[in-house]
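Enquirer: Quick one: this structure, given as structure tokens, is what I'll be asking you about.
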Amino acid sequence: MNFEDLQKAWQLQDVGARVTINAAALMKEVRRNQRQFRGTIFWRDAREVGVAAFLTWLFLHWGIRDHDWSLYLLAFGCFFVGAFIVVDRLVRHQRRPVMNDSLQACLESALTQVNHQIWLLKNVFWWYSLPIDIGLGGFITKQAWQERHAGLAAMAGLAGYALFCVLTGWGIYWLNQFAVRKELEPRRQELQTLLADAGSPTIKSETKNPTMKITMLISVLLVAMLTAGVLIASNTAVANDAPSQSLEVIRKKHDLPALAVVVVKNGQICDRAAAGIRKQGDPTPVTTNDVFHIGSCTKSMTATLTAMLIEAGKLRWDTTIAEVFPELKGKMNKQYETVTVEQLLHHRGGVPGEPPPAAWKRAWEQNGTPTQQRRGFIAAVLARPPAATPGTKMIYSNQGYAIIGAILEKIAGQDYETLITEKLFKPLHMDTAGFGPPGTTDKVDQPWGHLHKLFLTIPVQADNPPAIASAGRVHCSLDDLARFAMLHLQSPTNGLLRPETLARLHTPTGGGDYACGWVVLPRDWAGGTALMHNGSNTMWYVVMWLAPGNNFAVIAATNIAGPDAEQGCDDACVAMINKWLAK
């Protein structure tokens with residue numbers, strides 16, 4: 001006779017012939033059934049604690065790596081669930097009735113355990129779902145804020161993810177209530193019936209669990225201890241580098257993979273810092289020696305190279321496109337024939353801001369040498385009408401600087417990449433300067449660029465085509481970029497250009513604020529005017545601020561683009577300006 005048969009026999013009241021039940025056999029079956037129930041609960045709890053521990057470690061690892069507070073919330077939520085289960089088992093173990101040979105004691109112990117499990121599952125929202133939901137809510141809110149500029153598709157994706165989380169949470173809650181109704185309530189009723197027939201008073205269900213407050217308190221204290229440990233570990237990691245610590249706060253605020261800054265004062269690099277990681281999904285930290293793509297900050301280098309050739313007598317400020325490319329006469333639009341080098345450097349040559357689609361498509365195909373690619377690209381640009389009458393309007397144009405690059409190649413008889421390396425990079429000891437995405441393909445030996453897609457941050461190694469290299473394809477370390485900045489601060493150690501030539505490079509024309517590769521802006525902290533330029537190939541962002549009046553420069557860079565990148569770099573520059581120029 002098994003346990004179910006014994007229960008039926010025990011409860012049988014309306015038959016004429018009483019069934020004689022062996023009490024020892026019944027107690028044996030009760031104990032066996034109770035051991036099975038405890039085993040089921042134990043392995044369920046072990047599974048839940050194991051999963052909670054793994055997720056806690058995983059989210060903490062990701063959170064520390066990416067400095068993401070929303071992942072910390074998820075880790076603490078999972079840790080709370082695991083801690084609650086462990087503490088609850090310890091508390092219940094201390095309060096469990098001592099087993100003896102009494103059938104009544106066995107039944108009471110079994111009923112107490114079932115009552116407790118019913119109470120836990122009915123309140124699963126408070127100790128299981130809510131802590132994790134808080135973490136998920138923080139994660140989704142943070143992603144929504146980060147992707148607030150990404151458009152409707154990104155918001156729809158986040159809304160769908162949030163709905164999925166809500167439905168999953170509701171499903172977990174429903175399954176637990178289903179288990180209560182179908183498994184635990186019938187078991188409790190059977191045990192209550194057995195106890196009643198044995199003449200024992202019924203044990204009440206746990207409508208209020210006095211041990212819950214203790215369990216919750218201990219679990220919260222454990223989470224607090226974990227939080228303190230994480231904070232101490234995070235602070236210790238940057239405690240020895242105050243600039244990096246300050247930069248890390250800014251990086252985390254704007255959710256950037258990496259952020260770096262360098263400061264020049266009185267002809268020397270006086271401060272530098274870097275924080276974050278080279279590639280999303282990889283723990284390799286960024287360093288102050290790492291290489292960043294500088295985007296359109298290349299334009300000031302191209303303008304500097306142009307001025308060097310002008311000082312060498314190979315070119316004039318008023319040299320025209322037609323003088324350099326007589327073979328394009330009759331092929332280029334007539335209005336471009338008299339456009340000068342200086343007009344192109346000031347973005348006043350009428351060259352459109354957008355390239356011809358067919359020419360841009362061919363540029364990405366990268367057929368031929370870089371020089372051949374540039375020559376074909378500018379021929380297609382010059383064959384179309386200008387976007388405005390040359391000399392009348394400032395139109396920011398990569399195409400205009402591509403024409404400058406082709407002019408320099410034609411005049412010097414060298415490709416642009418070799419020319420600027422020999423004439424500018426080597427004399428300034430810019431040893432890390434190069435072209436295209438930094439680092440080795442598929443390796444994390446340098447920072448990667450990143451793109452925002454929906455609510456994801458995707459690492460990439462890509463760049464503009466070589467056809468517009470002279471407009472924005474250079475990469476270098478921030479120290480090397482600082483050496484270039486020193487040239488424009490007229491540091492005597494980098495005197496490649498005469499002061500009057502530098503002054504011309506820094507002077508806007510036509511009543512605007514754009515000079516030759518520099519935006520000239522009034523700033524009190526600069527002691528007059530500041531030179532500024534930023535650059536991005538949509539995967540990186542760099543900003544340079546130079547104050548010639550104070551012989552000061554600050555440069556900030558990150559390996560992602562967009563409004564958050566711009567604000568993060570601006571904040572880093574402001575912090576350094578306040579540090580080094582505060583009265």
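Labeling convention for the structure tokens: chains A, B, ... as they appear, residues from 1 per chain, ligands from 1 in order of appearance.
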Can you tell me, as a PDB file with N, CA and C atoms, in the first residue's frame, which residues in stretch 462-525 of chain A count as strand (DSSP E or B) by DSSP?
Expert:
ATOM      1  N   VAL A 474      43.188  60.615 -41.166  1.00  0.00           N
ATOM      2  CA  VAL A 474      44.399  60.430 -40.366  1.00  0.00           C
ATOM      3  C   VAL A 474      44.044  59.851 -38.999  1.00  0.00           C
ATOM      4  N   HIS A 475      44.936  59.014 -38.485  1.00  0.00           N
ATOM      5  CA  HIS A 475      44.860  58.591 -37.082  1.00  0.00           C
ATOM      6  C   HIS A 475      46.212  58.830 -36.430  1.00  0.00           C
ATOM      7  N   CYS A 476      46.206  59.033 -35.119  1.00  0.00           N
ATOM      8  CA  CYS A 476      47.452  59.208 -34.364  1.00  0.00           C
ATOM      9  C   CYS A 476      47.122  59.187 -32.875  1.00  0.00           C
ATOM     10  N   SER A 477      48.157  59.086 -32.062  1.00  0.00           N
ATOM     11  CA  SER A 477      47.960  59.187 -30.616  1.00  0.00           C
ATOM     12  C   SER A 477      47.672  60.639 -30.261  1.00  0.00           C
ATOM     13  N   TYR A 514      35.529  80.634 -40.098  1.00  0.00           N
ATOM     14  CA  TYR A 514      36.343  79.489 -40.516  1.00  0.00           C
ATOM     15  C   TYR A 514      37.597  79.999 -41.222  1.00  0.00           C
ATOM     16  N   VAL A 519      38.331  76.662 -36.808  1.00  0.00           N
ATOM     17  CA  VAL A 519      37.243  77.577 -36.502  1.00  0.00           C
ATOM     18  C   VAL A 519      37.772  78.536 -35.440  1.00  0.00           C
ATOM     19  N   VAL A 520      37.644  79.838 -35.692  1.00  0.00           N
ATOM     20  CA  VAL A 520      38.192  80.852 -34.792  1.00  0.00           C
ATOM     21  C   VAL A 520      37.039  81.440 -33.978  1.00  0.00           C
ATOM     22  N   LEU A 521      37.119  81.291 -32.635  1.00  0.00           N
ATOM     23  CA  LEU A 521      36.019  81.678 -31.759  1.00  0.00           C
ATOM     24  C   LEU A 521      36.532  82.500 -30.582  1.00  0.00           C
ATOM     25  N   PRO A 522      35.787  83.496 -30.147  1.00  0.00           N
ATOM     26  CA  PRO A 522      36.183  84.253 -28.953  1.00  0.00           C
ATOM     27  C   PRO A 522      35.898  83.435 -27.692  1.00  0.00           C
ATOM     28  N   ARG A 523      36.896  83.353 -26.813  1.00  0.00           N
ATOM     29  CA  ARG A 523      36.739  82.636 -25.555  1.00  0.00           C
ATOM     30  C   ARG A 523      37.544  83.352 -24.474  1.00  0.00           C
TER      31      ARG A 523
END
Enquirer: Contacts of A:Ala575 at 9 Å or less, counting only C-alpha atoms, minus same-chain residues fewer than 5 places along, as a VMD selection string?
Expert: chain A and resid 246 to 247 570 580
Enquirer: Calculate how many Å separate atom CA of A:Gly528 from atom CA of A:Val542, rounding to one decimal.
Expert: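 That distance, rounded to one decimal, is 22.9 Å.
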Enquirer: What is the atom CA of A:Ile118 to atom CA of A:Gln192 distance in Å?
Expert: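 Answer for the atom CA of A:Ile118 to atom CA of A:Gln192 separation: 14.3 Å.
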Enquirer: Using only C-alpha atoms, pick whichever of A:Gly39, A:Gly527, A:Gly434, A:Gly295 has the shortest atom-to-atom distance to A:Val543.
Expert: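 Using only C-alpha atoms, A:Val543 sits closest to A:Gly295.
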Enquirer: Using only C-alpha atoms, can you tell me which of A:Lys331, A:Lys361, A:His452, A:Arg89 comes closest to A:Trp540?
Expert: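 Closest residue, counting only C-alpha atoms: A:His452.
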Enquirer: Would you please work out which residue, of A:Phe125, A:Phe552, A:Phe139, A:Phe325, is nearest to A:Lys410 when using only C-alpha atoms?
Expert: A:Phe325
